[in-house]
$ cat target.pdb   # PDB, C-alpha atoms
MODEL        1
ATOM      1  CA  MET T  31     145.583 -54.204 148.740
ATOM      2  CA  ALA T  32     143.946 -53.924 145.328
ATOM      3  CA  ASN T  33     140.337 -52.864 145.628
ATOM      4  CA  ALA T  34     137.466 -53.643 143.272
ATOM      5  CA  THR T  35     134.102 -52.100 144.016
ATOM      6  CA  ILE T  36     130.846 -53.366 142.579
ATOM      7  CA  TYR T  37     127.942 -50.966 143.025
ATOM      8  CA  VAL T  38     124.585 -52.703 143.056
ATOM      9  CA  GLY T  39     122.169 -49.911 142.236
ATOM     10  CA  PHE T  40     118.504 -49.686 143.214
ATOM     11  CA  ALA T  41     118.159 -53.420 143.745
ATOM     12  CA  VAL T  42     115.128 -54.726 145.539
ATOM     13  CA  PRO T  43     116.186 -56.150 148.890
ATOM     14  CA  GLN T  44     115.768 -59.729 147.741
ATOM     15  CA  LEU T  45     118.483 -59.326 145.109
ATOM     16  CA  LEU T  46     121.519 -59.001 147.313
ATOM     17  CA  ARG T  47     124.520 -61.180 147.489
ATOM     18  CA  GLY T  48     127.719 -60.714 149.354
ATOM     19  CA  ALA T  49     131.171 -60.104 148.049
ATOM     20  CA  CYS T  50     132.194 -63.666 148.653
ATOM     21  CA  ARG T  51     132.022 -66.129 145.816
ATOM     22  CA  ILE T  52     130.242 -64.081 143.189
ATOM     23  CA  PHE T  53     132.399 -62.043 140.875
ATOM     24  CA  PRO T  54     135.949 -62.535 139.559
ATOM     25  CA  SER T  55     138.626 -61.106 141.830
ATOM     26  CA  HIS T  56     139.797 -58.740 139.083
ATOM     27  CA  SER T  57     137.920 -55.480 138.494
ATOM     28  CA  ALA T  58     134.509 -56.052 136.970
ATOM     29  CA  LEU T  59     131.625 -53.909 135.809
ATOM     30  CA  VAL T  60     128.234 -55.500 135.805
ATOM     31  CA  VAL T  61     124.749 -54.090 135.336
ATOM     32  CA  LEU T  62     121.509 -54.506 137.305
ATOM     33  CA  ARG T  63     118.430 -52.853 135.920
ATOM     34  CA  HIS T  64     115.982 -50.908 138.063
ATOM     35  CA  SER T  65     112.689 -52.771 138.110
ATOM     36  CA  ALA T  66     110.481 -49.829 137.172
ATOM     37  CA  PHE T  67     108.637 -51.820 134.498
ATOM     38  CA  CYS T  68     107.807 -48.830 132.322
ATOM     39  CA  TYR T  69     107.117 -48.603 128.602
ATOM     40  CA  CYS T  70     106.642 -45.820 126.093
ATOM     41  CA  THR T  71     103.450 -45.442 124.078
ATOM     42  CA  VAL T  72     103.362 -44.153 120.501
ATOM     43  CA  ASN T  73     102.909 -40.561 121.653
ATOM     44  CA  GLY T  74     105.798 -40.836 124.065
ATOM     45  CA  THR T  75     103.750 -40.985 127.272
ATOM     46  CA  ILE T  76     105.372 -43.166 129.922
ATOM     47  CA  LYS T  77     103.039 -45.539 131.722
ATOM     48  CA  SER T  78     103.624 -48.216 134.309
ATOM     49  CA  LYS T  79     103.038 -51.835 133.423
ATOM     50  CA  ARG T  80     101.775 -54.263 136.009
ATOM     51  CA  LYS T  81     104.594 -55.007 138.382
ATOM     52  CA  MET T  82     105.569 -58.644 138.565
ATOM     53  CA  ASP T  83     104.742 -60.315 141.845
ATOM     54  CA  HIS T  84     107.394 -61.883 144.038
ATOM     55  CA  LEU T  85     107.210 -65.377 142.541
ATOM     56  CA  GLU T  86     107.440 -64.037 138.978
ATOM     57  CA  ARG T  87     110.271 -61.665 139.770
ATOM     58  CA  THR T  88     112.332 -64.356 141.489
ATOM     59  CA  ALA T  89     111.396 -67.332 139.291
ATOM     60  CA  ASN T  90     115.001 -67.884 138.222
ATOM     61  CA  ASN T  91     116.522 -67.402 141.662
ATOM     62  CA  PHE T  92     117.772 -70.146 143.935
ATOM     63  CA  ARG T  93     115.240 -71.582 146.383
ATOM     64  CA  GLN T  94     115.755 -74.155 149.091
ATOM     65  CA  GLU T  95     113.631 -77.280 149.007
ATOM     66  CA  VAL T  96     112.734 -76.973 152.677
ATOM     67  CA  ILE T  97     109.421 -75.269 153.447
ATOM     68  CA  SER T  98     109.016 -74.801 157.183
ATOM     69  CA  GLN T  99     106.028 -73.983 159.317
ATOM     70  CA  ALA T 100     106.599 -70.930 161.477
ATOM     71  CA  LYS T 101     104.712 -69.274 164.310
ATOM     72  CA  VAL T 102     104.684 -65.553 165.054
ATOM     73  CA  CYS T 103     106.232 -65.160 168.505
ATOM     74  CA  GLY T 104     106.835 -61.414 168.510
ATOM     75  CA  ILE T 105     105.400 -58.288 166.877
ATOM     76  CA  THR T 106     106.788 -54.785 167.387
ATOM     77  CA  ASN T 107     106.385 -51.469 165.596
ATOM     78  CA  GLU T 108     109.787 -50.698 164.128
ATOM     79  CA  SER T 109     108.359 -47.406 162.846
ATOM     80  CA  GLU T 110     104.958 -45.887 162.111
ATOM     81  CA  THR T 111     104.837 -47.802 158.826
ATOM     82  CA  VAL T 112     106.957 -50.902 159.506
ATOM     83  CA  LYS T 113     106.177 -53.919 161.682
ATOM     84  CA  ARG T 114     108.912 -56.274 162.856
ATOM     85  CA  LEU T 115     107.946 -59.924 163.121
ATOM     86  CA  ARG T 116     109.784 -62.580 165.081
ATOM     87  CA  LEU T 117     109.043 -66.072 163.802
ATOM     88  CA  ALA T 118     109.766 -69.368 165.549
ATOM     89  CA  ILE T 119     110.885 -71.896 162.927
ATOM     90  CA  ALA T 120     109.588 -75.450 163.273
ATOM     91  CA  ASN T 121     111.969 -77.266 160.906
ATOM     92  CA  LYS T 122     115.486 -77.754 162.287
ATOM     93  CA  ASP T 123     116.864 -78.117 158.735
ATOM     94  CA  PHE T 124     115.770 -74.578 157.856
ATOM     95  CA  THR T 125     118.793 -72.295 157.312
ATOM     96  CA  PHE T 126     119.606 -69.076 155.479
ATOM     97  CA  LYS T 127     122.537 -66.848 154.581
ATOM     98  CA  ALA T 128     122.742 -63.160 155.466
ATOM     99  CA  GLY T 129     121.076 -61.176 152.685
ATOM    100  CA  GLN T 130     118.574 -63.798 151.555
ATOM    101  CA  TRP T 131     114.777 -63.552 151.581
ATOM    102  CA  VAL T 132     111.832 -65.836 152.270
ATOM    103  CA  ASP T 133     108.741 -66.846 150.361
ATOM    104  CA  PHE T 134     105.989 -66.041 152.860
ATOM    105  CA  PHE T 135     102.942 -68.340 152.665
ATOM    106  CA  ILE T 136      99.819 -67.214 154.532
ATOM    107  CA  PRO T 137      96.846 -69.557 155.021
ATOM    108  CA  GLY T 138      93.856 -68.131 153.170
ATOM    109  CA  VAL T 139      95.902 -65.573 151.198
ATOM    110  CA  ALA T 140      96.483 -66.539 147.580
ATOM    111  CA  VAL T 141      99.410 -64.169 146.996
ATOM    112  CA  VAL T 142     102.828 -65.338 148.209
ATOM    113  CA  GLY T 143     104.868 -62.655 149.916
ATOM    114  CA  GLY T 144     108.571 -62.091 149.542
ATOM    115  CA  PHE T 145     110.411 -60.429 152.415
ATOM    116  CA  SER T 146     114.114 -60.037 153.138
ATOM    117  CA  ILE T 147     115.323 -61.418 156.446
ATOM    118  CA  CYS T 148     116.640 -58.705 158.770
ATOM    119  CA  SER T 149     118.126 -60.917 161.496
ATOM    120  CA  SER T 150     121.412 -62.804 161.541
ATOM    121  CA  PRO T 151     121.899 -66.506 160.775
ATOM    122  CA  ARG T 152     123.382 -66.871 164.277
ATOM    123  CA  LEU T 153     120.062 -65.886 165.865
ATOM    124  CA  LEU T 154     118.375 -68.761 164.042
ATOM    125  CA  GLU T 155     121.121 -71.149 165.161
ATOM    126  CA  ARG T 156     120.901 -70.026 168.810
ATOM    127  CA  GLU T 157     117.187 -69.460 169.319
ATOM    128  CA  GLY T 158     115.423 -71.023 166.344
ATOM    129  CA  VAL T 159     113.903 -67.711 165.253
ATOM    130  CA  LEU T 160     114.292 -65.195 162.446
ATOM    131  CA  GLU T 161     112.966 -61.675 161.971
ATOM    132  CA  LEU T 162     111.308 -59.730 159.157
ATOM    133  CA  ALA T 163     110.553 -56.000 158.971
ATOM    134  CA  VAL T 164     107.608 -55.326 156.663
ATOM    135  CA  LYS T 165     106.298 -51.970 155.453
ATOM    136  CA  HIS T 166     102.552 -51.417 155.294
ATOM    137  CA  THR T 167     101.275 -51.523 151.713
ATOM    138  CA  VAL T 168      98.128 -52.722 149.941
ATOM    139  CA  HIS T 169     100.007 -55.810 148.746
ATOM    140  CA  PRO T 170      98.033 -58.694 150.330
ATOM    141  CA  PRO T 171     100.855 -60.316 152.365
ATOM    142  CA  ALA T 172     102.064 -56.968 153.748
ATOM    143  CA  HIS T 173      98.482 -55.857 154.394
ATOM    144  CA  TRP T 174      97.808 -59.114 156.275
ATOM    145  CA  ILE T 175     100.864 -58.600 158.463
ATOM    146  CA  HIS T 176      99.704 -55.103 159.428
ATOM    147  CA  THR T 177      95.994 -55.789 159.864
ATOM    148  CA  GLU T 178      95.424 -59.456 160.737
ATOM    149  CA  CYS T 179      98.651 -61.031 161.974
ATOM    150  CA  THR T 180      98.754 -61.704 165.723
ATOM    151  CA  LEU T 181     100.921 -63.607 168.155
ATOM    152  CA  ASP T 182     100.728 -67.341 167.420
ATOM    153  CA  SER T 183      99.608 -66.762 163.804
ATOM    154  CA  GLU T 184     101.001 -69.601 161.688
ATOM    155  CA  VAL T 185     102.641 -69.206 158.286
ATOM    156  CA  ALA T 186     105.117 -71.154 156.145
ATOM    157  CA  LEU T 187     108.513 -69.984 154.917
ATOM    158  CA  ARG T 188     110.978 -70.997 152.204
ATOM    159  CA  VAL T 189     114.401 -69.387 151.830
ATOM    160  CA  GLY T 190     115.579 -68.091 148.472
ATOM    161  CA  GLY T 191     117.991 -65.646 146.903
ATOM    162  CA  ASP T 192     121.241 -65.816 144.976
ATOM    163  CA  PHE T 193     122.804 -62.850 146.736
ATOM    164  CA  PHE T 194     124.232 -63.113 150.220
ATOM    165  CA  PHE T 195     127.355 -62.587 152.294
ATOM    166  CA  ASP T 196     128.789 -65.840 153.594
ATOM    167  CA  PRO T 197     132.570 -65.599 154.097
ATOM    168  CA  GLN T 198     134.437 -68.714 155.157
ATOM    169  CA  PRO T 199     137.115 -68.882 157.892
ATOM    170  CA  GLY T 200     140.004 -68.955 155.424
ATOM    171  CA  ASP T 201     138.796 -66.014 153.326
ATOM    172  CA  SER T 202     140.669 -62.722 153.292
ATOM    173  CA  PRO T 203     138.952 -59.723 154.928
ATOM    174  CA  VAL T 204     136.503 -57.846 152.694
ATOM    175  CA  ASN T 205     135.817 -54.113 152.948
ATOM    176  CA  LEU T 206     132.103 -53.443 152.483
ATOM    177  CA  VAL T 207     130.226 -50.304 151.524
ATOM    178  CA  LEU T 208     126.496 -50.783 152.183
ATOM    179  CA  ILE T 209     123.988 -48.264 150.793
ATOM    180  CA  ALA T 210     120.323 -48.537 151.731
ATOM    181  CA  GLY T 211     117.109 -46.594 151.280
ATOM    182  CA  GLY T 212     113.994 -47.092 153.403
ATOM    183  CA  VAL T 213     113.005 -50.671 154.167
ATOM    184  CA  GLY T 214     115.757 -51.765 151.775
ATOM    185  CA  ILE T 215     117.970 -51.808 154.872
ATOM    186  CA  ASN T 216     116.660 -55.289 155.749
ATOM    187  CA  PRO T 217     119.177 -57.552 153.936
ATOM    188  CA  LEU T 218     122.048 -55.171 154.647
ATOM    189  CA  PHE T 219     121.207 -55.134 158.360
ATOM    190  CA  SER T 220     121.268 -58.936 158.294
ATOM    191  CA  ILE T 221     124.711 -58.774 156.683
ATOM    192  CA  LEU T 222     125.888 -56.215 159.254
ATOM    193  CA  LEU T 223     124.717 -58.401 162.139
ATOM    194  CA  HIS T 224     126.350 -61.451 160.567
ATOM    195  CA  ILE T 225     129.675 -59.646 160.244
ATOM    196  CA  ALA T 226     129.480 -58.610 163.896
ATOM    197  CA  ASP T 227     128.733 -62.204 164.925
ATOM    198  CA  LEU T 228     131.675 -63.508 162.896
ATOM    199  CA  GLN T 229     134.024 -60.906 164.373
ATOM    200  CA  GLY T 230     132.852 -61.700 167.886
ATOM    201  CA  TYR T 231     133.549 -65.382 167.267
ATOM    202  CA  GLN T 232     136.963 -64.576 165.799
ATOM    203  CA  GLU T 233     137.928 -62.434 168.783
ATOM    204  CA  GLY T 234     136.694 -65.050 171.246
ATOM    205  CA  LYS T 235     138.171 -68.146 169.605
ATOM    206  CA  GLY T 236     141.198 -66.618 167.891
ATOM    207  CA  ASN T 237     140.258 -68.089 164.537
ATOM    208  CA  GLY T 238     137.580 -67.779 161.889
ATOM    209  CA  TYR T 239     136.760 -64.990 159.471
ATOM    210  CA  LYS T 240     138.293 -61.613 160.339
ATOM    211  CA  MET T 241     136.215 -58.632 159.258
ATOM    212  CA  GLY T 242     137.428 -55.783 157.100
ATOM    213  CA  THR T 243     135.816 -52.365 157.355
ATOM    214  CA  VAL T 244     132.102 -51.760 156.877
ATOM    215  CA  LYS T 245     130.679 -48.378 155.836
ATOM    216  CA  LEU T 246     126.900 -48.009 155.937
ATOM    217  CA  TYR T 247     125.039 -45.161 154.220
ATOM    218  CA  TYR T 248     121.326 -45.246 154.993
ATOM    219  CA  SER T 249     118.629 -42.834 153.809
ATOM    220  CA  ALA T 250     114.976 -42.429 154.810
ATOM    221  CA  LYS T 251     112.340 -39.697 154.823
ATOM    222  CA  ASN T 252     112.966 -38.851 158.471
ATOM    223  CA  THR T 253     114.688 -40.250 161.518
ATOM    224  CA  SER T 254     111.564 -42.128 162.663
ATOM    225  CA  GLU T 255     111.772 -44.161 159.443
ATOM    226  CA  LEU T 256     115.433 -45.076 159.972
ATOM    227  CA  LEU T 257     114.935 -48.701 160.944
ATOM    228  CA  PHE T 258     117.250 -50.417 163.456
ATOM    229  CA  LYS T 259     119.074 -47.138 164.115
ATOM    230  CA  LYS T 260     119.778 -47.895 167.787
ATOM    231  CA  ASN T 261     121.052 -51.376 166.899
ATOM    232  CA  ILE T 262     123.238 -49.939 164.143
ATOM    233  CA  LEU T 263     124.761 -47.312 166.439
ATOM    234  CA  GLY T 264     125.339 -50.054 169.006
ATOM    235  CA  LEU T 265     127.411 -51.948 166.439
ATOM    236  CA  VAL T 266     129.334 -48.769 165.558
ATOM    237  CA  ASN T 267     130.226 -48.348 169.231
ATOM    238  CA  ALA T 268     131.057 -52.048 169.642
ATOM    239  CA  PHE T 269     133.444 -52.074 166.677
ATOM    240  CA  PRO T 270     135.089 -48.621 166.557
ATOM    241  CA  GLY T 271     137.028 -48.048 163.373
ATOM    242  CA  LYS T 272     135.601 -51.199 161.836
ATOM    243  CA  ILE T 273     131.923 -50.275 161.419
ATOM    244  CA  THR T 274     130.884 -46.723 160.528
ATOM    245  CA  CYS T 275     127.523 -45.347 159.463
ATOM    246  CA  ARG T 276     126.007 -42.188 158.063
ATOM    247  CA  PHE T 277     122.261 -41.601 158.171
ATOM    248  CA  HIS T 278     120.576 -39.331 155.617
ATOM    249  CA  VAL T 279     117.064 -37.862 155.911
ATOM    250  CA  THR T 280     115.236 -36.111 153.084
ATOM    251  CA  GLN T 281     111.969 -34.837 154.632
ATOM    252  CA  GLN T 282     112.789 -34.197 158.273
ATOM    253  CA  SER T 283     110.338 -31.687 159.794
ATOM    254  CA  SER T 284     111.128 -32.057 163.504
ATOM    255  CA  GLN T 285     114.236 -31.577 165.607
ATOM    256  CA  ILE T 286     116.755 -34.396 165.355
ATOM    257  CA  CYS T 287     117.514 -35.857 168.790
ATOM    258  CA  LYS T 288     120.956 -35.192 170.256
ATOM    259  CA  GLU T 289     121.912 -38.868 170.159
ATOM    260  CA  LEU T 290     121.441 -39.007 166.396
ATOM    261  CA  GLN T 291     122.672 -35.527 165.433
ATOM    262  CA  PRO T 292     126.346 -36.526 164.984
ATOM    263  CA  HIS T 293     125.313 -39.295 162.592
ATOM    264  CA  VAL T 294     122.578 -37.607 160.501
ATOM    265  CA  THR T 295     122.816 -35.446 157.402
ATOM    266  CA  ALA T 296     119.689 -33.707 156.091
ATOM    267  CA  CYS T 297     120.072 -34.534 152.407
ATOM    268  CA  ARG T 298     120.051 -37.467 150.024
ATOM    269  CA  ILE T 299     123.017 -39.810 149.893
ATOM    270  CA  PRO T 300     125.434 -38.081 147.481
ATOM    271  CA  ALA T 301     126.001 -39.807 144.155
ATOM    272  CA  ALA T 302     129.715 -39.513 144.851
ATOM    273  CA  THR T 303     129.323 -42.029 147.684
ATOM    274  CA  SER T 304     129.137 -44.822 145.128
ATOM    275  CA  THR T 305     131.658 -43.281 142.727
ATOM    276  CA  PHE T 306     135.023 -43.868 144.291
ATOM    277  CA  THR T 307     137.961 -41.903 142.939
ATOM    278  CA  SER T 308     140.615 -44.597 143.084
ATOM    279  CA  SER T 309     141.527 -45.874 139.634
ATOM    280  CA  SER T 310     141.666 -49.394 141.035
ATOM    281  CA  GLN T 311     137.970 -49.234 141.914
ATOM    282  CA  ILE T 312     134.997 -49.554 139.603
ATOM    283  CA  SER T 313     131.513 -48.282 140.213
ATOM    284  CA  GLY T 314     128.424 -49.011 138.172
ATOM    285  CA  THR T 315     125.092 -50.687 138.417
ATOM    286  CA  ALA T 316     125.323 -54.401 138.468
ATOM    287  CA  GLN T 317     123.988 -57.489 136.689
ATOM    288  CA  LEU T 318     124.137 -60.621 138.694
ATOM    289  CA  GLY T 319     126.669 -63.318 138.005
ATOM    290  CA  ASN T 320     127.459 -66.829 139.096
ATOM    291  CA  SER T 321     131.244 -66.804 139.381
ATOM    292  CA  LYS T 322     132.518 -67.179 142.899
ATOM    293  CA  PRO T 323     135.978 -65.828 143.798
ATOM    294  CA  LEU T 324     136.378 -63.186 146.511
ATOM    295  CA  LEU T 325     136.318 -59.434 146.004
ATOM    296  CA  GLU T 326     138.339 -57.294 148.375
ATOM    297  CA  GLU T 327     135.799 -54.464 148.466
ATOM    298  CA  HIS T 328     132.131 -54.610 147.661
ATOM    299  CA  CYS T 329     129.467 -51.944 147.531
ATOM    300  CA  CYS T 330     125.793 -52.890 147.766
ATOM    301  CA  SER T 331     122.805 -50.640 147.410
ATOM    302  CA  CYS T 332     119.201 -51.435 148.308
ATOM    303  CA  CYS T 333     116.328 -49.033 147.899
ATOM    304  CA  ARG T 334     112.639 -49.577 148.422
ATOM    305  CA  SER T 335     110.002 -46.972 149.146
TER     306      SER T 335
ENDMDL
END
$ encode --input "target.pdb" --output "structure tokens"
Amino acid sequence: MANATIYVGFAVPQLLRGACRIFPSHSALVVLRHSAFCYCTVNGTIKSKRKMDHLERTANNFRQEVISQAKVCGITNESETVKRLRLAIANKDFTFKAGQWVDFFIPGVAVVGGFSICSSPRLLEREGVLELAVKHTVHPPAHWIHTECTLDSEVALRVGGDFFFDPQPGDSPVNLVLIAGGVGINPLFSILLHIADLQGYQEGKGNGYKMGTVKLYYSAKNTSELLFKKNILGLVNAFPGKITCRFHVTQQSSQICKELQPHVTACRIPAATSTFTSSSQISGTAQLGNSKPLLEEHCCSCCRS
């Protein structure tokens, strides 16, 4: 099998797309720029410009026409800094692909939020709900979620995003390398859940998309900030040899629990993780494209503090 790896470096979670139907099947090197928004003054001092808001940053991205009302039907603390929302979707025509995000409209809040979906498309199909995991910041939508949002709060959602993983039944298996930092795990967790759902369907029905291997590398400050860790380890145990993960912590001050110890390394994710040695593989940071054939191996990275 000829492998081609595309490394999507330091992308915000909204800018993810799957290996299917994006890049040419031959090796490709594409470039995605880190959105630091810095400039140099005459004396060489580096300052930060105003960061673009979600609507500005994603102005050229695909958006669905459907805007659906949604009601908060569940709120849990995923970590000390991250709340997980479960939202019941009113519009039956509302759909999304694993890896996409939503415009998040809050009554009385002028700023539109943009949050990656962390649940699988199958959950929406089965139960009519989707989930978001949002870190506490001063940004008005995130601040509202952490300070004012309650059960039965009503919002509106619109799906967007050019980057997703949506393999079709006839597609060849794709080997994925997923690299995440902090709350940037959200779209990759959605992809991981979607792959597990597809594999479960394939095993049960004997047809459909058959998964390749999935390697997840996930870094956070400490183990309490490793979101979805129990769910991720559950998938590793459910699909031995197919799904593997390695957690990395950079500021761990307490003892790591025995359950996590075999899976945790106390250091940053090595740069070599995204620099594969095979001459048939390419690594680099990526600029997004619109071509659609299938890659046989794809490496995605999402980091957000």
$ closest_residue --input "target.pdb" --among "T:Ala140, T:Val102, T:Ile225, T:Val204" --to "T:Glu178" --atoms "only C-alpha atoms"
T:Val102
$ atom_distance --input "target.pdb" --atom1 "atom CA of T:Glu233" --atom2 "atom CA of T:Leu206"
19.5 Å
$ resolve_selection --input "target.pdb" --expression "the PyMOL selection byres ((chain T and resi 176) around 9)" --output "ChimeraX atom specification"
/T:111-113,164-167,171-175,177-179
$ atom_distance --input "target.pdb" --atom1 "atom CA of T:Ala296" --atom2 "atom CA of T:Val168"
29.4 Å
$ residues_around --input "target.pdb" --residues "T:Phe92" --least-positions-apart "6" --cutoff "9 Å" --atoms "all atoms listed in the file" --output "ChimeraX atom specification"
/T:189-192
$ residues_near_point --input "target.pdb" --point "(103.5, -73.7, 168.3)" --cutoff "12 Å" --atoms "all atoms listed in the file" --output "list in words"
Gln99, Ala100, Lys101, Val102, Cys103, Leu117, Ala118, Ile119, Ala120, Asn121, Leu181, Asp182, Ser183, Glu184 and Val185 of chain T
$ closest_residue --input "target.pdb" --among "T:Phe258, T:Tyr239, T:Phe193, T:Phe277" --to "T:Ile209" --atoms "only C-alpha atoms"
T:Phe277
$ atom_distance --input "target.pdb" --atom1 "atom CA of T:Gly200" --atom2 "atom CA of T:Trp131"
26.1 Å
$ resolve_selection --input "target.pdb" --expression "the PyMOL selection byres ((chain T and resi 146) around 12)" --output "PyMOL selection string"
chain T and resi 42-47+84+114-115+126-134+143-145+147-150+160-165+187-191+193-194+213-221+332+334
$ closest_residue --input "target.pdb" --among "T:Ser202, T:Thr180, T:Ser109, T:Asn237" --to "T:Leu257" --atoms "only C-alpha atoms"
T:Ser109
$ resolve_selection --input "target.pdb" --expression "the PyMOL selection byres ((chain T and resi 253) around 9)" --output "NGL selection string"
:T and (250-252 or 254-257 or 259 or 277-279 or 282 or 286-287 or 290 or 294)
$ write_last_selection --input "target.pdb" --atoms "C-alpha atoms" --output "short mmCIF file (atom, residue, chain, number, x, y, z; two decimals), keeping the file's coordinate frame"
data_model
loop_
_atom_site.label_atom_id
_atom_site.label_comp_id
_atom_site.auth_asym_id
_atom_site.auth_seq_id
_atom_site.Cartn_x
_atom_site.Cartn_y
_atom_site.Cartn_z
CA ALA T 250 114.98 -42.43 154.81
CA LYS T 251 112.34 -39.70 154.82
CA ASN T 252 112.97 -38.85 158.47
CA SER T 254 111.56 -42.13 162.66
CA GLU T 255 111.77 -44.16 159.44
CA LEU T 256 115.43 -45.08 159.97
CA LEU T 257 114.94 -48.70 160.94
CA LYS T 259 119.07 -47.14 164.12
CA PHE T 277 122.26 -41.60 158.17
CA HIS T 278 120.58 -39.33 155.62
CA VAL T 279 117.06 -37.86 155.91
CA GLN T 282 112.79 -34.20 158.27
CA ILE T 286 116.76 -34.40 165.36
CA CYS T 287 117.51 -35.86 168.79
CA LEU T 290 121.44 -39.01 166.40
CA VAL T 294 122.58 -37.61 160.50
#
$ decode --input "target.pdb" --residues "stretch 240-253 of chain T" --atoms "N, CA, C and O atoms" --output "compact mmCIF listing (two decimals), in the first residue's frame"
# COMPACT_ATOMS: atom_id res chain seq x y z
N LYS T 240 -14.86 -0.11 5.81
CA LYS T 240 -14.02 -0.86 6.73
C LYS T 240 -12.85 0.02 7.16
O LYS T 240 -12.12 0.54 6.33
N MET T 241 -12.67 0.18 8.46
CA MET T 241 -11.68 1.11 8.97
C MET T 241 -10.26 0.60 8.74
O MET T 241 -10.01 -0.61 8.72
N GLY T 242 -9.33 1.55 8.57
CA GLY T 242 -7.92 1.23 8.64
C GLY T 242 -7.47 1.35 10.09
O GLY T 242 -8.24 1.11 11.01
N THR T 243 -6.23 1.75 10.29
CA THR T 243 -5.76 1.97 11.66
C THR T 243 -5.89 3.45 12.01
O THR T 243 -5.85 4.32 11.15
N VAL T 244 -6.05 3.71 13.30
CA VAL T 244 -6.14 5.08 13.80
C VAL T 244 -5.16 5.23 14.96
O VAL T 244 -5.24 4.47 15.94
N LYS T 245 -4.23 6.18 14.85
CA LYS T 245 -3.30 6.48 15.92
C LYS T 245 -3.59 7.89 16.42
O LYS T 245 -3.56 8.84 15.65
N LEU T 246 -3.89 8.00 17.71
CA LEU T 246 -4.18 9.30 18.31
C LEU T 246 -3.05 9.70 19.25
O LEU T 246 -2.67 8.93 20.14
N TYR T 247 -2.52 10.91 19.05
CA TYR T 247 -1.56 11.52 19.96
C TYR T 247 -2.23 12.78 20.52
O TYR T 247 -2.64 13.66 19.75
N TYR T 248 -2.35 12.86 21.84
CA TYR T 248 -3.13 13.92 22.45
C TYR T 248 -2.36 14.50 23.64
O TYR T 248 -1.98 13.78 24.56
N SER T 249 -2.16 15.82 23.62
CA SER T 249 -1.38 16.50 24.64
C SER T 249 -2.24 17.52 25.39
O SER T 249 -3.08 18.20 24.79
N ALA T 250 -2.01 17.63 26.69
CA ALA T 250 -2.65 18.66 27.52
C ALA T 250 -1.71 18.99 28.67
O ALA T 250 -0.68 18.34 28.85
N LYS T 251 -2.08 20.01 29.45
CA LYS T 251 -1.23 20.41 30.57
C LYS T 251 -1.10 19.28 31.60
O LYS T 251 -0.01 19.02 32.11
N ASN T 252 -2.20 18.64 31.91
CA ASN T 252 -2.19 17.55 32.88
C ASN T 252 -3.32 16.59 32.56
O ASN T 252 -4.14 16.84 31.67
N THR T 253 -3.37 15.50 33.28
CA THR T 253 -4.34 14.46 32.93
C THR T 253 -5.78 14.91 33.16
O THR T 253 -6.69 14.41 32.49
